[in-house]
$ cat data_2.csv   # CSV, C-alpha atoms and all ligand atoms
chain,number,residue,atom,x,y,z
K,1462,MET,CA,-6.5,1.4,4.8
K,1463,PRO,CA,-3.8,3.8,3.9
K,1464,LYS,CA,-3.2,4.2,0.2
K,1465,GLY,CA,0.1,4.2,-1.4
K,1466,MET,CA,3.1,2.1,-0.7
K,1467,ALA,CA,3.7,1.4,3.0
K,1468,LYS,CA,7.1,0.3,4.4
K,1469,GLY,CA,7.3,-3.4,4.6
K,1470,GLN,CA,4.8,-4.1,1.9
K,1471,ARG,CA,5.6,-6.7,-0.7
K,1472,PHE,CA,4.5,-6.5,-4.3
K,1473,ILE,CA,4.7,-9.5,-6.6
K,1474,CYS,CA,4.7,-9.3,-10.4
K,1475,GLN,CA,1.6,-10.8,-11.9
K,1476,ASN,CA,3.6,-12.2,-14.8
K,1477,PRO,CA,4.0,-15.9,-13.9
K,1478,GLU,CA,7.0,-16.1,-16.1
K,1479,CYS,CA,8.7,-13.3,-14.3
K,1480,GLY,CA,7.8,-13.8,-10.6
K,1481,CYS,CA,9.7,-10.7,-9.4
K,1482,GLU,CA,9.0,-9.7,-5.9
K,1483,MET,CA,9.7,-6.2,-4.4
K,1484,ASP,CA,9.8,-5.1,-0.8
K,1485,VAL,CA,9.1,-1.5,0.1
K,1486,THR,CA,11.9,-0.3,2.2
K,1487,LYS,CA,10.7,3.3,2.5
K,1488,ALA,CA,7.1,4.4,2.4
K,1489,SER,CA,5.8,6.6,-0.3
K,1490,LEU,CA,5.1,10.2,0.7
K,1491,VAL,CA,2.4,10.6,-2.0
K,1492,GLU,CA,-0.8,8.8,-2.4
K,1493,ALA,CA,-0.4,6.2,-5.0
K,1494,THR,CA,-3.1,5.9,-7.7
K,1495,SER,CA,-1.9,2.6,-9.1
K,1496,ASN,CA,0.2,-0.4,-8.3
K,1497,PRO,CA,3.9,-0.3,-9.2
K,1498,ARG,CA,4.9,-1.8,-12.5
K,1499,CYS,CA,7.6,-4.5,-12.8
K,1500,GLY,CA,10.5,-4.1,-15.1
K,1501,CYS,CA,8.9,-6.7,-17.4
K,1502,GLY,CA,6.0,-4.3,-17.9
K,1503,VAL,CA,3.4,-6.1,-15.9
K,1504,GLU,CA,1.6,-4.6,-12.9
K,1505,MET,CA,2.7,-5.7,-9.5
K,1506,LYS,CA,0.2,-6.5,-6.7
K,1507,LYS,CA,0.2,-7.3,-3.1
K,1508,PRO,CA,0.0,-11.0,-2.4
K,1509,TYR,CA,-2.8,-12.4,-0.3
K,1510,VAL,CA,-1.8,-12.8,3.3
K,1511,LYS,CA,-3.6,-14.9,5.8
K,1512,PRO,CA,-5.2,-13.0,8.6
K,1513,THR,CA,-3.3,-15.0,11.2
K,1514,VAL,CA,0.1,-13.7,10.0
K,1515,SER,CA,-1.1,-10.2,9.1
K,1516,THR,CA,0.1,-7.5,11.4
K,1517,LEU,CA,-0.9,-4.6,9.2
K,1518,HIS,CA,-4.4,-4.6,10.8
K,1519,LEU,CA,-2.9,-3.0,13.9
K,1520,ALA,CA,-2.4,0.3,12.0
K,1521,GLU,CA,-5.9,0.3,10.7
K,1522,GLY,CA,-7.3,1.4,14.1
K,1523,ILE,CA,-5.7,4.8,13.8
K,1524,SER,CA,-8.3,7.4,12.9
K,1525,PHE,CA,-7.3,10.7,11.6
K,1526,THR,CA,-9.0,13.5,13.4
K,1527,SER,CA,-6.6,16.3,12.6
K,1528,ASN,CA,-8.4,17.1,9.4
K,1529,ARG,CA,-11.7,18.2,11.0
K,1530,ARG,CA,-13.3,21.3,9.8
K,1531,THR,CA,-15.1,24.0,11.6
K,1532,PRO,CA,-18.1,25.6,9.9
K,1533,GLU,CA,-17.1,29.1,9.0
K,1534,ASP,CA,-20.0,31.3,7.9
K,1535,SER,CA,-18.9,34.8,7.0
M,1601,ZN,ZN,7.8,-8.9,-13.9
$ encode --input "data_2.csv" --output "structure tokens" --more "lines below"
Ligand SMILES: [Zn+2]
Amino acid sequence: MPKGMAKGQRFICQNPECGCEMDVTKASLVEATSNPRCGCGVEMKKPYVKPTVSTLHLAEGISFTSNRRTPEDS
């Protein structure tokens, strides 16, 4: 799973009295270490999506092989 905020992700404020929802229209270029925070001060989280409607799993099959290291003994 890619960390950070991916394009198209939705975050919902955990404050039931607020109920703010936020869509990510542009992916974050840095690795996020925490969820975004709503204007009301409460952390926002991704809502649970049913597997039948989830299309994000398509991207999970991508493996990153460009980061491989070769052992270098001097
Ligand atoms: Zn809020």
$ atom_distance --input "data_2.csv" --atom1 "CA of Glu1533 (chain K)" --atom2 "CA of Val1491 (chain K)"
29.0 Å
$ closest_residue --input "data_2.csv" --among "K:Val1485, K:Ser1495, K:Pro1477, K:Pro1508" --to "ligand ZN 1601 (chain M)" --atoms "only C-alpha atoms and all ligand atoms"
K:Pro1477
$ residues_near_point --input "data_2.csv" --point "(8.3, -6.4, 4.0)" --cutoff "7 Å" --atoms "all atoms listed in the file" --output "PyMOL selection string"
chain K and resi 1468-1471+1484-1485
$ atom_distance --input "data_2.csv" --atom1 "CA of Glu1492 (chain K)" --atom2 "CA of Asn1476 (chain K)"
24.8 Å
$ residues_near_ligand --input "data_2.csv" --ligand "ligand ZN 1601 (chain M)" --cutoff "9 Å" --atoms "only C-alpha atoms and all ligand atoms" --output "PyMOL selection string"
chain K and resi 1473-1482+1498-1505
$ write_last_selection --input "data_2.csv" --atoms "C-alpha atoms" --output "mmCIF file, in the coordinates of the input"
data_model
loop_
_atom_site.group_PDB
_atom_site.id
_atom_site.type_symbol
_atom_site.label_atom_id
_atom_site.label_comp_id
_atom_site.auth_asym_id
_atom_site.auth_seq_id
_atom_site.Cartn_x
_atom_site.Cartn_y
_atom_site.Cartn_z
ATOM 1 C CA ILE K 1473 4.700 -9.500 -6.600
ATOM 2 C CA CYS K 1474 4.700 -9.300 -10.400
ATOM 3 C CA GLN K 1475 1.600 -10.800 -11.900
ATOM 4 C CA ASN K 1476 3.600 -12.200 -14.800
ATOM 5 C CA PRO K 1477 4.000 -15.900 -13.900
ATOM 6 C CA GLU K 1478 7.000 -16.100 -16.100
ATOM 7 C CA CYS K 1479 8.700 -13.300 -14.300
ATOM 8 C CA GLY K 1480 7.800 -13.800 -10.600
ATOM 9 C CA CYS K 1481 9.700 -10.700 -9.400
ATOM 10 C CA GLU K 1482 9.000 -9.700 -5.900
ATOM 11 C CA ARG K 1498 4.900 -1.800 -12.500
ATOM 12 C CA CYS K 1499 7.600 -4.500 -12.800
ATOM 13 C CA GLY K 1500 10.500 -4.100 -15.100
ATOM 14 C CA CYS K 1501 8.900 -6.700 -17.400
ATOM 15 C CA GLY K 1502 6.000 -4.300 -17.900
ATOM 16 C CA VAL K 1503 3.400 -6.100 -15.900
ATOM 17 C CA GLU K 1504 1.600 -4.600 -12.900
ATOM 18 C CA MET K 1505 2.700 -5.700 -9.500
#
$ residues_near_point --input "data_2.csv" --point "(5.7, 8.3, 1.0)" --cutoff "12 Å" --atoms "all atoms listed in the file" --output "list in words"
Pro1463, Lys1464, Gly1465, Met1466, Ala1467, Lys1468, Val1485, Thr1486, Lys1487, Ala1488, Ser1489, Leu1490, Val1491, Glu1492 and Ala1493 of chain K
